[in-house]
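Accompanying notes for the structure given below.
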Amino acid sequence: MCGIFGVVTNQDIPIGKIALEGIKRLEYRGYDSVGIVSQFNGKLFIKKDAGKIDEVHKKLKLDDFPGKVALAHTRWATHGAPTKINSHPHTNCTNEIAVVHNGIIENFMTLKKELIQNGHNFRSDTDTEVIPHLIEEKMKEGFDLKDSIIEILKICKGSYGLAILHVNMPDTIIVVRKESPLVIGIEPGKTTYCASDI
């Protein structure tokens, strides 16, 4: 079990503060580590570490992020120890795609082996990290982000709640779920949220 929170807005609000407040409300879903990513000016900004949210916030200032879109994650470790490197979000080789995940990708070892053979470099021991690399592969084949995600989920076995960002899509979070909880909240014309719990 992990906690996912995401926010995308066209309002002038402090995105880091909103992401931190959202993920703090979900800490009961995981307290091994925490991470936040935002997208701004074609770059991903990531802060993550092992530990409880308040401890990590004191070290990293988790409420200080640029942009209008952010994802946050609090982890209960399943694959890989509760370390900084295994903390979410996870990215692809070029740091263009960021993913937070609640669930288990059961066939990740097979997928990871194939990706390594195709030249991908992995930084963590998690099952989640295969997802941004798989998306990268599909995008190289010419699929857009949404269709890449649809394609990779045809080969990922297990359960998932996913929220995904791309550096070239500053006003978009793509979310998908199978068995794991994920809800969406909409403030029409202003702000959209996603979270593991209402």
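Lettering and numbering for the structure tokens are positional, with chains as A, B, ... in the shown order, residues counted from 1 in each chain, and ligands counted from 1 in the shown order.
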
* Excluding segment 46-53 of chain A and residues on its chain fewer than 2 positions from it, collect all residues at most 8 Å away from it, counting only C-alpha atoms, and give them as an NGL selection string. => :A and (24 or 27 or 31-38 or 44 or 55-57 or 60 or 62 or 74 or 82-85 or 87-89)

Those selected residues, please, written with C-alpha atoms and delivered as a PDB file, in the first residue's frame.
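And here's selection_22.pdb as it stands now:
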```pdb
ATOM      1  CA  LYS A  24       0.591  14.302   4.374  1.00  0.00           C
ATOM      2  CA  GLU A  27       0.796   9.160   5.125  1.00  0.00           C
ATOM      3  CA  TYR A  31       5.608   6.052   5.894  1.00  0.00           C
ATOM      4  CA  ASP A  32       8.901   4.534   4.661  1.00  0.00           C
ATOM      5  CA  SER A  33       9.737   7.348   2.258  1.00  0.00           C
ATOM      6  CA  VAL A  34       8.297  10.340   0.427  1.00  0.00           C
ATOM      7  CA  GLY A  35       8.883  12.142  -2.835  1.00  0.00           C
ATOM      8  CA  ILE A  36       7.472  15.012  -4.881  1.00  0.00           C
ATOM      9  CA  VAL A  37       8.016  15.960  -8.522  1.00  0.00           C
ATOM     10  CA  SER A  38       6.899  19.051 -10.406  1.00  0.00           C
ATOM     11  CA  LEU A  44      11.313  17.763 -13.836  1.00  0.00           C
ATOM     12  CA  GLU A  55      11.528  14.431   8.691  1.00  0.00           C
ATOM     13  CA  VAL A  56      12.160  14.602   4.953  1.00  0.00           C
ATOM     14  CA  HIS A  57      10.426  17.998   4.706  1.00  0.00           C
ATOM     15  CA  LEU A  60      14.507  19.049   1.668  1.00  0.00           C
ATOM     16  CA  LEU A  62       9.131  19.627   0.186  1.00  0.00           C
ATOM     17  CA  THR A  74       4.436   8.187   0.260  1.00  0.00           C
ATOM     18  CA  PRO A  82      13.014   1.835   2.101  1.00  0.00           C
ATOM     19  CA  THR A  83      15.897   3.975   0.787  1.00  0.00           C
ATOM     20  CA  LYS A  84      16.204   7.295  -1.039  1.00  0.00           C
ATOM     21  CA  ILE A  85      16.983   5.588  -4.346  1.00  0.00           C
ATOM     22  CA  SER A  87      11.631   6.314  -3.177  1.00  0.00           C
ATOM     23  CA  HIS A  88       9.128   7.483  -5.771  1.00  0.00           C
ATOM     24  CA  PRO A  89       8.852   9.230  -8.181  1.00  0.00           C
TER      25      PRO A  89
END
```

* **Residue list (strand (DSSP E or B), DSSP) for segment 137-167 of chain A, as number ranges by chain** => A: 158-166

* Between atom CA of Asn86 of chain A and atom CA of Asp125 of chain A - distance in Å to one decimal ->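 If I compute the distance from atom CA of Asp125 of chain A to atom CA of Asn86 of chain A, I get 6.3 Å.
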
* To do: Select from chain A everything DSSP, run on the backbone, classes as helix (DSSP H, G or I), then give the selection as JSON, numbers by chain.
  => {"A": [15, 16, 17, 18, 19, 20, 21, 22, 23, 24, 27, 28, 29, 53, 54, 55, 56, 57, 58, 59, 60, 108, 109, 110, 111, 112, 113, 114, 115, 116, 117, 130, 131, 132, 133, 134, 135, 136, 137, 138, 139, 140, 145, 146, 147, 148, 149, 150, 151, 152, 153]}

* Asked: Counting only C-alpha atoms, what is within 6 Å of segment 102-112 of chain A, bar same-chain residues fewer than 6 positions away, as an NGL selection string?
  -> :A and (2 or 127 or 130 or 157-161)

* Asked: By how many Å are atom CA of Gly185 of chain A and atom CA of Gln39 of chain A apart?
  ->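 Atom CA of Gln39 of chain A lies at a distance of 20.0 Å from atom CA of Gly185 of chain A.
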